[in-house]
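This is query-v3.csv. It holds CSV, C-alpha atoms and all ligand atoms.
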```
chain,number,residue,atom,x,y,z
A,1,MET,CA,27.3,26.2,-28.9
A,2,GLY,CA,27.9,23.0,-30.9
A,3,ARG,CA,25.0,21.1,-32.5
A,4,LEU,CA,25.7,18.1,-30.3
A,5,ALA,CA,26.7,20.0,-27.1
A,6,GLY,CA,26.6,17.8,-24.0
A,7,LYS,CA,25.6,14.6,-25.8
A,8,VAL,CA,27.4,11.4,-25.1
A,9,ALA,CA,28.1,9.6,-28.4
A,10,VAL,CA,29.5,6.1,-28.7
A,11,ILE,CA,31.0,5.4,-32.1
A,12,THR,CA,32.4,2.1,-33.4
A,13,GLY,CA,35.5,1.9,-35.6
A,14,ILE,CA,37.0,5.4,-34.9
A,15,GLY,CA,40.5,4.2,-35.8
A,16,GLY,CA,40.3,5.4,-39.4
A,17,GLY,CA,38.1,6.3,-42.3
A,18,MET,CA,34.7,7.7,-41.7
A,19,GLY,CA,34.8,6.6,-38.0
A,20,ARG,CA,37.8,8.9,-37.4
A,21,GLU,CA,36.0,11.8,-39.2
A,22,ALA,CA,32.9,11.1,-37.1
A,23,ALA,CA,34.9,11.2,-33.8
A,24,ARG,CA,36.5,14.5,-34.8
A,25,ARG,CA,33.3,16.2,-36.0
A,26,PHE,CA,31.1,14.9,-33.2
A,27,ALA,CA,33.6,16.2,-30.6
A,28,ALA,CA,34.0,19.5,-32.5
A,29,GLU,CA,30.2,19.9,-32.2
A,30,GLY,CA,30.4,19.4,-28.5
A,31,ALA,CA,29.7,15.7,-28.0
A,32,ARG,CA,31.6,13.7,-25.5
A,33,VAL,CA,32.8,10.8,-27.7
A,34,VAL,CA,33.5,7.3,-26.5
A,35,GLY,CA,35.0,5.3,-29.4
A,36,CYS,CA,36.2,1.8,-29.9
A,37,ASP,CA,38.3,0.0,-32.6
A,38,LEU,CA,39.9,-3.3,-33.2
A,39,ASN,CA,43.0,-1.4,-34.2
A,40,ALA,CA,44.6,0.1,-31.1
A,41,GLU,CA,47.2,2.1,-33.1
A,42,GLY,CA,44.6,3.8,-35.3
A,43,LEU,CA,42.4,4.5,-32.3
A,44,THR,CA,45.2,6.2,-30.4
A,45,GLU,CA,45.9,8.4,-33.4
A,46,THR,CA,42.3,9.5,-33.5
A,47,VAL,CA,42.1,10.1,-29.7
A,48,GLU,CA,45.3,12.3,-29.9
A,49,LEU,CA,43.9,14.1,-32.9
A,50,VAL,CA,40.6,14.9,-31.3
A,51,ARG,CA,42.2,16.0,-28.0
A,52,ALA,CA,44.6,18.3,-29.9
A,53,GLU,CA,41.6,19.9,-31.5
A,54,GLY,CA,40.1,20.5,-28.1
A,55,GLY,CA,37.5,17.7,-28.1
A,56,GLU,CA,36.5,15.4,-25.4
A,57,ILE,CA,37.1,11.7,-26.2
A,58,THR,CA,37.8,8.3,-24.6
A,59,GLY,CA,38.9,5.4,-26.6
A,60,PHE,CA,38.8,1.7,-26.0
A,61,ALA,CA,40.9,-0.8,-28.0
A,62,PRO,CA,41.2,-3.5,-29.0
A,63,VAL,CA,37.4,-3.9,-28.9
A,64,ASP,CA,35.8,-6.2,-31.4
A,65,ALA,CA,32.3,-4.7,-32.0
A,66,GLY,CA,31.4,-8.0,-33.7
A,67,ASP,CA,31.7,-9.7,-30.3
A,68,ALA,CA,28.4,-9.3,-28.4
A,69,VAL,CA,30.0,-9.5,-25.0
A,70,ALA,CA,32.9,-7.2,-25.7
A,71,VAL,CA,30.7,-4.5,-27.3
A,72,ALA,CA,28.2,-4.6,-24.3
A,73,ALA,CA,31.1,-4.2,-21.9
A,74,TRP,CA,32.3,-1.1,-23.9
A,75,ILE,CA,28.9,0.5,-24.0
A,76,ASP,CA,28.2,-0.2,-20.4
A,77,ALA,CA,31.5,1.4,-19.5
A,78,ALA,CA,30.7,4.5,-21.5
A,79,ALA,CA,27.3,4.8,-19.8
A,80,ALA,CA,28.9,4.4,-16.4
A,81,VAL,CA,31.5,7.0,-17.0
A,82,TYR,CA,29.1,9.6,-18.4
A,83,GLY,CA,25.9,8.6,-16.6
A,84,GLY,CA,24.2,7.4,-19.8
A,85,ILE,CA,24.4,7.7,-23.6
A,86,ASP,CA,22.6,9.8,-26.2
A,87,ILE,CA,23.9,8.6,-29.5
A,88,LEU,CA,25.0,5.2,-30.8
A,89,TYR,CA,26.8,5.5,-34.1
A,90,ASN,CA,27.3,2.1,-35.8
A,91,ASN,CA,30.1,2.8,-38.2
A,92,ALA,CA,32.5,-0.2,-38.1
A,93,SER,CA,32.3,-3.1,-40.5
A,94,ILE,CA,34.5,-5.5,-42.4
A,95,GLN,CA,33.6,-6.8,-45.8
A,96,ARG,CA,34.2,-10.1,-47.5
A,97,PHE,CA,33.4,-10.4,-51.2
A,98,GLY,CA,32.8,-13.4,-53.5
A,99,ALA,CA,30.7,-14.5,-56.4
A,100,ILE,CA,27.7,-16.5,-55.4
A,101,ASP,CA,29.1,-19.8,-56.6
A,102,GLU,CA,32.5,-19.1,-55.1
A,103,ILE,CA,32.0,-17.4,-51.7
A,104,SER,CA,32.6,-19.9,-48.8
A,105,VAL,CA,30.1,-20.4,-46.1
A,106,GLU,CA,32.7,-19.1,-43.7
A,107,ASP,CA,33.2,-15.9,-45.6
A,108,TRP,CA,29.4,-15.4,-45.9
A,109,ASP,CA,29.0,-15.9,-42.2
A,110,PHE,CA,31.9,-13.6,-41.4
A,111,ALA,CA,30.4,-10.8,-43.5
A,112,ILE,CA,27.0,-11.1,-41.9
A,113,ASP,CA,28.7,-11.1,-38.5
A,114,MET,CA,30.8,-8.1,-39.2
A,115,GLU,CA,28.3,-6.0,-41.1
A,116,LEU,CA,24.9,-6.9,-39.7
A,117,ASN,CA,25.2,-8.8,-36.4
A,118,ILE,CA,27.7,-6.1,-35.4
A,119,VAL,CA,24.9,-3.5,-35.5
A,120,PHE,CA,22.5,-5.7,-33.7
A,121,TYR,CA,24.9,-6.4,-30.8
A,122,ALA,CA,25.6,-2.7,-30.2
A,123,VAL,CA,21.9,-1.8,-30.4
A,124,ARG,CA,21.0,-4.6,-28.1
A,125,ALA,CA,23.6,-3.4,-25.5
A,126,ALA,CA,22.7,0.3,-25.9
A,127,TRP,CA,18.9,0.0,-25.9
A,128,LYS,CA,18.5,-0.1,-22.1
A,129,HIS,CA,20.6,3.1,-21.8
A,130,LEU,CA,18.8,4.9,-24.6
A,131,LYS,CA,15.4,3.9,-23.1
A,132,THR,CA,16.1,5.8,-19.9
A,133,ARG,CA,16.3,9.2,-21.6
A,134,GLY,CA,15.7,8.8,-25.3
A,135,GLY,CA,18.4,9.1,-28.0
A,136,VAL,CA,19.5,8.4,-31.5
A,137,ILE,CA,20.9,5.4,-33.3
A,138,VAL,CA,22.9,6.2,-36.5
A,139,ASN,CA,23.5,3.1,-38.6
A,140,ILE,CA,25.8,3.1,-41.6
A,141,GLY,CA,24.3,1.2,-44.4
A,142,SER,CA,25.4,1.4,-48.1
A,143,ILE,CA,24.0,1.9,-51.5
A,144,ALA,CA,25.0,-1.8,-51.9
A,145,GLY,CA,22.0,-2.6,-49.6
A,146,THR,CA,19.5,-1.7,-52.3
A,147,ARG,CA,21.2,-2.8,-55.6
A,148,GLY,CA,23.6,-5.1,-57.3
A,149,VAL,CA,26.8,-4.0,-59.1
A,150,GLU,CA,29.0,-5.3,-61.9
A,151,PHE,CA,32.4,-4.3,-60.5
A,152,MET,CA,32.3,-6.3,-57.2
A,153,PRO,CA,30.8,-9.6,-56.2
A,154,GLN,CA,29.1,-8.1,-53.2
A,155,ASN,CA,26.6,-10.8,-52.3
A,156,ALA,CA,27.1,-11.0,-48.6
A,157,HIS,CA,28.0,-7.3,-48.2
A,158,GLY,CA,24.8,-6.2,-50.0
A,159,ALA,CA,22.6,-8.6,-48.1
A,160,ALA,CA,24.1,-7.5,-44.8
A,161,LYS,CA,23.6,-3.8,-45.6
A,162,ALA,CA,20.1,-4.4,-46.7
A,163,GLY,CA,19.6,-5.9,-43.3
A,164,VAL,CA,21.0,-2.8,-41.6
A,165,ILE,CA,18.6,-0.6,-43.6
A,166,ASN,CA,15.6,-2.7,-42.7
A,167,LEU,CA,16.6,-3.1,-39.0
A,168,THR,CA,16.7,0.7,-38.8
A,169,GLN,CA,13.1,0.8,-39.8
A,170,GLN,CA,12.0,-1.7,-37.1
A,171,LEU,CA,14.2,0.1,-34.5
A,172,ALA,CA,12.3,3.3,-35.4
A,173,VAL,CA,9.0,1.6,-34.8
A,174,GLU,CA,10.0,0.0,-31.5
A,175,GLY,CA,12.0,3.1,-30.3
A,176,GLY,CA,9.4,5.8,-31.0
A,177,PRO,CA,7.5,5.3,-27.7
A,178,HIS,CA,10.8,5.5,-25.8
A,179,ARG,CA,12.0,8.7,-27.7
A,180,ILE,CA,14.6,6.7,-29.4
A,181,ARG,CA,15.1,7.6,-33.1
A,182,ALA,CA,16.9,5.3,-35.5
A,183,VAL,CA,18.3,6.5,-38.9
A,184,CYS,CA,20.4,4.9,-41.6
A,185,ILE,CA,22.9,6.7,-43.9
A,186,SER,CA,23.8,4.8,-47.1
A,187,PRO,CA,27.0,6.2,-48.6
A,188,GLY,CA,28.0,5.8,-52.2
A,189,PHE,CA,31.7,5.3,-52.9
A,190,ILE,CA,33.7,7.1,-50.2
A,191,GLN,CA,37.5,7.5,-50.3
A,192,THR,CA,38.8,5.9,-47.1
A,193,PRO,CA,41.6,3.4,-46.2
A,194,ALA,CA,39.2,0.6,-47.0
A,195,THR,CA,38.8,1.8,-50.6
A,196,THR,CA,42.3,3.2,-51.3
A,197,PHE,CA,43.1,0.2,-53.5
A,198,LEU,CA,40.1,0.9,-55.7
A,199,VAL,CA,40.9,4.6,-56.0
A,200,GLU,CA,44.5,3.7,-57.0
A,201,ASP,CA,43.4,1.1,-59.6
A,202,PRO,CA,39.7,1.2,-60.3
A,203,PRO,CA,38.1,-1.5,-62.3
A,204,PRO,CA,36.6,0.0,-65.5
A,205,ALA,CA,33.0,-0.8,-64.5
A,206,LEU,CA,33.6,1.1,-61.2
A,207,LYS,CA,35.3,4.0,-62.9
A,208,ALA,CA,32.3,4.2,-65.2
A,209,THR,CA,29.9,4.7,-62.2
A,210,TRP,CA,32.1,7.5,-60.9
A,211,ASP,CA,32.0,9.2,-64.4
A,212,ARG,CA,28.2,9.3,-64.1
A,213,ILE,CA,28.0,10.9,-60.6
A,214,PRO,CA,26.0,14.1,-61.2
A,215,LEU,CA,28.0,16.0,-58.6
A,216,GLY,CA,31.2,15.1,-60.4
A,217,ARG,CA,33.3,13.4,-57.8
A,218,VAL,CA,33.6,10.4,-55.4
A,219,GLY,CA,32.7,11.0,-51.7
A,220,GLN,CA,34.9,12.0,-48.8
A,221,PRO,CA,34.3,11.0,-45.2
A,222,ALA,CA,33.1,14.5,-44.3
A,223,ASP,CA,30.2,14.1,-46.8
A,224,VAL,CA,28.8,11.3,-44.8
A,225,VAL,CA,29.6,12.7,-41.4
A,226,ASN,CA,27.9,16.1,-42.3
A,227,ALA,CA,24.7,14.1,-42.7
A,228,ALA,CA,25.3,12.2,-39.5
A,229,VAL,CA,25.8,15.4,-37.4
A,230,PHE,CA,22.5,16.7,-38.6
A,231,LEU,CA,20.6,13.4,-38.1
A,232,ALA,CA,22.1,12.9,-34.6
A,233,SER,CA,21.2,16.5,-33.6
A,234,ASP,CA,18.0,17.8,-32.1
A,235,ASP,CA,17.4,19.6,-35.5
A,236,ALA,CA,16.3,16.1,-36.7
A,237,SER,CA,14.1,15.4,-33.8
A,238,TRP,CA,11.1,14.4,-36.0
A,239,ILE,CA,13.1,12.2,-38.4
A,240,THR,CA,13.3,8.5,-37.8
A,241,GLY,CA,13.4,5.3,-39.8
A,242,ILE,CA,14.9,6.9,-42.9
A,243,ASN,CA,17.7,5.6,-45.2
A,244,LEU,CA,19.5,8.8,-46.3
A,245,VAL,CA,21.5,8.1,-49.5
A,246,VAL,CA,24.7,10.2,-49.6
A,247,ASP,CA,26.2,9.5,-53.0
A,248,GLY,CA,26.5,12.7,-55.0
A,249,GLY,CA,23.4,11.5,-56.9
A,250,GLY,CA,25.2,8.5,-58.3
A,251,THR,CA,22.3,6.1,-57.9
A,252,VAL,CA,19.5,8.3,-59.3
A,253,LEU,CA,20.5,7.7,-62.9
A,254,GLY,CA,19.5,4.0,-62.6
B,301,LIG,N1,34.1,3.5,-48.0
B,301,LIG,C1,33.0,3.3,-48.7
B,301,LIG,O1,33.0,3.5,-50.0
B,301,LIG,C2,31.8,2.9,-48.1
B,301,LIG,C3,30.6,2.9,-48.8
B,301,LIG,C4,29.4,2.6,-48.2
B,301,LIG,C5,29.4,2.2,-46.9
B,301,LIG,N2,30.5,2.1,-46.2
B,301,LIG,C6,30.4,1.8,-44.8
B,301,LIG,O2,30.9,2.8,-44.0
B,301,LIG,C7,31.5,2.3,-42.8
B,301,LIG,C8,32.9,2.8,-42.6
B,301,LIG,O3,33.7,2.4,-43.7
B,301,LIG,P1,35.2,3.0,-44.0
B,301,LIG,O4,35.3,3.0,-45.5
B,301,LIG,O5,35.4,4.2,-43.2
B,301,LIG,O6,36.0,1.7,-43.4
B,301,LIG,P2,37.5,1.7,-42.9
B,301,LIG,O7,37.9,0.3,-43.0
B,301,LIG,O8,38.3,2.8,-43.5
B,301,LIG,O9,37.4,2.0,-41.3
B,301,LIG,C9,36.7,1.1,-40.5
B,301,LIG,C10,37.2,1.2,-39.1
B,301,LIG,O10,36.4,0.3,-38.3
B,301,LIG,C11,37.3,-0.6,-37.6
B,301,LIG,N3,36.6,-1.9,-37.4
B,301,LIG,C12,36.3,-2.7,-38.3
B,301,LIG,N4,35.7,-3.8,-37.8
B,301,LIG,C13,35.7,-3.6,-36.5
B,301,LIG,C14,35.2,-4.3,-35.4
B,301,LIG,N5,34.6,-5.5,-35.5
B,301,LIG,N6,35.3,-3.8,-34.1
B,301,LIG,C15,35.8,-2.6,-33.9
B,301,LIG,N7,36.3,-1.8,-34.9
B,301,LIG,C16,36.3,-2.3,-36.2
B,301,LIG,C17,38.5,-0.7,-38.5
B,301,LIG,O11,39.7,-1.1,-37.7
B,301,LIG,C18,38.7,0.8,-39.0
B,301,LIG,O12,39.4,1.6,-38.1
B,301,LIG,C19,31.4,0.8,-42.9
B,301,LIG,O13,30.2,0.4,-42.2
B,301,LIG,C20,31.3,0.6,-44.4
B,301,LIG,O14,30.6,-0.6,-44.7
B,301,LIG,C21,31.7,2.5,-46.8
```
Can I see the file as structure tokens?
Amino acid sequence: MGRLAGKVAVITGIGGGMGREAARRFAAEGARVVGCDLNAEGLTETVELVRAEGGEITGFAPVDAGDAVAVAAWIDAAAAVYGGIDILYNNASIQRFGAIDEISVEDWDFAIDMELNIVFYAVRAAWKHLKTRGGVIVNIGSIAGTRGVEFMPQNAHGAAKAGVINLTQQLAVEGGPHRIRAVCISPGFIQTPATTFLVEDPPPALKATWDRIPLGRVGQPADVVNAAVFLASDDASWITGINLVVDGGGTVLG
């Protein structure tokens, strides 16, 4: 039996990258997956892939998870189809970068909307469903949420991810009495469509951080999703409020 057998998992951003990997693995572990994405083409590819692998999945697109009304409608639809939800996996985000004296207010607000508010909207919509039978919220943070870097002016991105990490702690406190766990996973550099341009032409300062990763390579989506499967499963039933760094050890060197 799969580690997530029978659980209903709603996952944002399944159209590519780590969200696609999450949809595949969660379905392979027995979850009934309900995914959404802005990108209808990518979502359809994921749905076809999961079904070809024998998994159960429903996809909704285009859904903007950064739109509180749209994301609530998607989560309510998932709960209506399956009679509730067990796992909310907040994967989707869109970044905007800029040095502090260059980033526009519009770009800052967009990044906070699409990296922090996007998590709040989904949690807010899912909470009443999770309260009825307990469940798990898996948030994707980032090592950017706890440090600055030389190779990328990540002001808004880092601030938003710091917010995701802290929100997870508060959700754990408020969720405990309702048997709702909340966990955050903070990936290091992961090779996905969002980072392909960096893999192909890495700035020297970024390359230098890769050269210092103790486990000797950059991450792959499966590295993050392996952790998510465990944390979403009943094997982690006494784990809540954590921020699990998945980075090959890249941040322990200081
Ligand atoms: N790739 C990395 O190195 C890295 C490192 C740390 C954290 N993260 C985080 O991991 C998560 C996944 O990143 P990725 O690299 O797989 O990204 P990606 O861009 O490859 O995939 C993200 C998916 O989410 C979808 N999406 C984006 N915004 C959406 C919205 N508002 N509504 C619905 N769907 C939306 C995209 O269409 C895409 O299919 C993000 O939260 C990201 O910040 C990534």
Dump as CSV the rows for residues of segment 30-101 of chain A within 12 Å of segment 169-191 of chain A: closest atom pair and distance in Å with one decimal, only C-alpha atoms counted, ordered by chain and rising residue number.
```
residue,atom,partner,partner_atom,distance
A:Ile85,CA,A:Ile180,CA,11.4
A:Asp86,CA,A:Ile180,CA,9.2
A:Ile87,CA,A:Ile180,CA,9.5
A:Leu88,CA,A:Ala182,CA,9.4
A:Tyr89,CA,A:Val183,CA,9.8
A:Asn90,CA,A:Cys184,CA,9.4
A:Asn91,CA,A:Ile185,CA,10.0
```
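Near Gly54 of chain A, within 12 Å and counting only C-alpha atoms, sit A:Arg24, A:Arg25, A:Phe26, A:Ala27, A:Ala28, A:Glu29, A:Gly30, A:Ala31, A:Arg32, A:Val47, A:Glu48, A:Leu49, A:Val50; same-chain residues fewer than 4 positions away were not included.
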Using only C-alpha atoms and all ligand atoms, find each protein or nucleic acid residue lying at most 7 Å from ligand LIG 301 (chain B); present the set as a ChimeraX atom specification. /A:12-19,36-39,42,63-66,91-95,114-115,118,140-143,186-195
Excluding segment 245-253 of chain A and its own-chain neighbours fewer than 3 positions away, which residues fall within 12 Å of it when counting only C-alpha atoms? Please give them as a short mmCIF file (atom, residue, chain, number, x, y, z; two decimals) with C-alpha atoms, in the frame of the given file.
```
data_model
loop_
_atom_site.label_atom_id
_atom_site.label_comp_id
_atom_site.auth_asym_id
_atom_site.auth_seq_id
_atom_site.Cartn_x
_atom_site.Cartn_y
_atom_site.Cartn_z
CA ILE A 140 25.80 3.10 -41.60
CA GLY A 141 24.30 1.20 -44.40
CA SER A 142 25.40 1.40 -48.10
CA ILE A 143 24.00 1.90 -51.50
CA ALA A 144 25.00 -1.80 -51.90
CA GLY A 145 22.00 -2.60 -49.60
CA THR A 146 19.50 -1.70 -52.30
CA ARG A 147 21.20 -2.80 -55.60
CA GLY A 148 23.60 -5.10 -57.30
CA VAL A 149 26.80 -4.00 -59.10
CA ILE A 165 18.60 -0.60 -43.60
CA VAL A 183 18.30 6.50 -38.90
CA CYS A 184 20.40 4.90 -41.60
CA ILE A 185 22.90 6.70 -43.90
CA SER A 186 23.80 4.80 -47.10
CA PRO A 187 27.00 6.20 -48.60
CA GLY A 188 28.00 5.80 -52.20
CA PHE A 189 31.70 5.30 -52.90
CA ILE A 190 33.70 7.10 -50.20
CA GLN A 191 37.50 7.50 -50.30
CA LEU A 206 33.60 1.10 -61.20
CA LYS A 207 35.30 4.00 -62.90
CA ALA A 208 32.30 4.20 -65.20
CA THR A 209 29.90 4.70 -62.20
CA TRP A 210 32.10 7.50 -60.90
CA ASP A 211 32.00 9.20 -64.40
CA ARG A 212 28.20 9.30 -64.10
CA ILE A 213 28.00 10.90 -60.60
CA PRO A 214 26.00 14.10 -61.20
CA LEU A 215 28.00 16.00 -58.60
CA GLY A 216 31.20 15.10 -60.40
CA ARG A 217 33.30 13.40 -57.80
CA VAL A 218 33.60 10.40 -55.40
CA GLY A 219 32.70 11.00 -51.70
CA GLN A 220 34.90 12.00 -48.80
CA PRO A 221 34.30 11.00 -45.20
CA ALA A 222 33.10 14.50 -44.30
CA ASP A 223 30.20 14.10 -46.80
CA VAL A 224 28.80 11.30 -44.80
CA VAL A 225 29.60 12.70 -41.40
CA ASN A 226 27.90 16.10 -42.30
CA ALA A 227 24.70 14.10 -42.70
CA ALA A 228 25.30 12.20 -39.50
CA ILE A 242 14.90 6.90 -42.90
#
```
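Each of A:Ala40, A:Val105, A:Ala22, A:Val34 was compared to Ala79 of chain A using only C-alpha atoms, and A:Val34 turns out to be the nearest.
Picture a line from atom CA of Ala80 of chain A to atom CA of Ala61 of chain A; it runs 17.5 Å.
Between atom CA of Asn117 of chain A and atom CA of Pro153 of chain A there is a distance of 20.6 Å.
Atom to atom, atom CA of Asp67 of chain A and atom CA of Ala99 of chain A stand 26.6 Å apart.
Residues with any atom within 8 Å of Phe151 of chain A, counting all atoms listed in the file and excluding same-chain neighbours fewer than 6 positions away, are Pro203, Pro204, Ala205 and Leu206 of chain A.
Candidate residues A:Gly158, A:Val229, A:Ile137, A:Trp238 were compared for distance to Glu21 of chain A, and the nearest is A:Val229, using only C-alpha atoms.
Distance check against Trp127 of chain A using all atoms listed in the file: of A:Ile57, A:Asp107, A:Asp76, A:Ala156, the minimum falls on A:Asp76.
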Which of A:Gly163, A:Ser237, A:Phe97, A:Ala77 sits closest to Gly134 of chain A [using only C-alpha atoms]: A:Ser237
Grab all the atoms of segment 202-209 of chain A that the file lists, wrap them in a box along x, y and z, add 4 Å per side, and give me centre plus edge lengths in Å (one decimal) as AutoDock Vina command-line options.
```
--center_x 34.8 --center_y 1.6 --center_z -62.9 --size_x 17.8 --size_y 14.2 --size_z 13.2
```
Which of these, A:Ser233, A:Asn139, A:Asn166, A:Asn155, has the shortest distance to Gly98 of chain A once you count only C-alpha atoms? A:Asn155
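Counting all atoms listed in the file, the residue from A:Tyr121, A:Phe197, A:Gly84, A:Leu116 that sits nearest to Lys7 of chain A is A:Gly84.
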Please produce segment 34-52 of chain A, completed to N, CA and C atoms, as an mmCIF file, in the frame of the given file.
```
data_model
loop_
_atom_site.group_PDB
_atom_site.id
_atom_site.type_symbol
_atom_site.label_atom_id
_atom_site.label_comp_id
_atom_site.auth_asym_id
_atom_site.auth_seq_id
_atom_site.Cartn_x
_atom_site.Cartn_y
_atom_site.Cartn_z
ATOM 1 N N VAL A 34 32.856 8.499 -27.026
ATOM 2 C CA VAL A 34 33.500 7.300 -26.500
ATOM 3 C C VAL A 34 33.566 6.323 -27.717
ATOM 4 N N GLY A 35 34.799 6.102 -28.174
ATOM 5 C CA GLY A 35 35.000 5.300 -29.400
ATOM 6 C C GLY A 35 35.627 3.970 -29.073
ATOM 7 N N CYS A 36 35.502 3.059 -30.028
ATOM 8 C CA CYS A 36 36.200 1.800 -29.900
ATOM 9 C C CYS A 36 36.774 1.425 -31.294
ATOM 10 N N ASP A 37 37.743 0.529 -31.296
ATOM 11 C CA ASP A 37 38.300 0.000 -32.600
ATOM 12 C C ASP A 37 39.001 -1.309 -32.263
ATOM 13 N N LEU A 38 39.086 -2.135 -33.285
ATOM 14 C CA LEU A 38 39.900 -3.300 -33.200
ATOM 15 C C LEU A 38 41.398 -2.925 -33.241
ATOM 16 N N ASN A 39 41.664 -1.838 -33.939
ATOM 17 C CA ASN A 39 43.000 -1.400 -34.200
ATOM 18 C C ASN A 39 43.450 -0.331 -33.185
ATOM 19 N N ALA A 40 44.279 -0.766 -32.219
ATOM 20 C CA ALA A 40 44.600 0.100 -31.100
ATOM 21 C C ALA A 40 45.471 1.320 -31.599
ATOM 22 N N GLU A 41 46.326 1.066 -32.597
ATOM 23 C CA GLU A 41 47.200 2.100 -33.100
ATOM 24 C C GLU A 41 46.356 3.255 -33.758
ATOM 25 N N GLY A 42 45.438 2.848 -34.606
ATOM 26 C CA GLY A 42 44.600 3.800 -35.300
ATOM 27 C C GLY A 42 43.711 4.572 -34.289
ATOM 28 N N LEU A 43 43.201 3.862 -33.303
ATOM 29 C CA LEU A 43 42.400 4.500 -32.300
ATOM 30 C C LEU A 43 43.154 5.549 -31.506
ATOM 31 N N THR A 44 44.380 5.202 -31.138
ATOM 32 C CA THR A 44 45.200 6.200 -30.400
ATOM 33 C C THR A 44 45.454 7.414 -31.204
ATOM 34 N N GLU A 45 45.716 7.243 -32.477
ATOM 35 C CA GLU A 45 45.900 8.400 -33.400
ATOM 36 C C GLU A 45 44.679 9.312 -33.356
ATOM 37 N N THR A 46 43.516 8.679 -33.450
ATOM 38 C CA THR A 46 42.300 9.500 -33.500
ATOM 39 C C THR A 46 42.071 10.201 -32.146
ATOM 40 N N VAL A 47 42.301 9.499 -31.047
ATOM 41 C CA VAL A 47 42.100 10.100 -29.700
ATOM 42 C C VAL A 47 43.055 11.331 -29.595
ATOM 43 N N GLU A 48 44.299 11.167 -30.022
ATOM 44 C CA GLU A 48 45.300 12.300 -29.900
ATOM 45 C C GLU A 48 44.835 13.453 -30.809
ATOM 46 N N LEU A 49 44.349 13.112 -31.990
ATOM 47 C CA LEU A 49 43.900 14.100 -32.900
ATOM 48 C C LEU A 49 42.735 14.944 -32.343
ATOM 49 N N VAL A 50 41.766 14.237 -31.808
ATOM 50 C CA VAL A 50 40.600 14.900 -31.300
ATOM 51 C C VAL A 50 40.958 15.777 -30.061
ATOM 52 N N ARG A 51 41.813 15.248 -29.206
ATOM 53 C CA ARG A 51 42.200 16.000 -28.000
ATOM 54 C C ARG A 51 43.007 17.272 -28.440
ATOM 55 N N ALA A 52 43.862 17.106 -29.450
ATOM 56 C CA ALA A 52 44.600 18.300 -29.900
ATOM 57 C C ALA A 52 43.711 19.329 -30.506
#
```
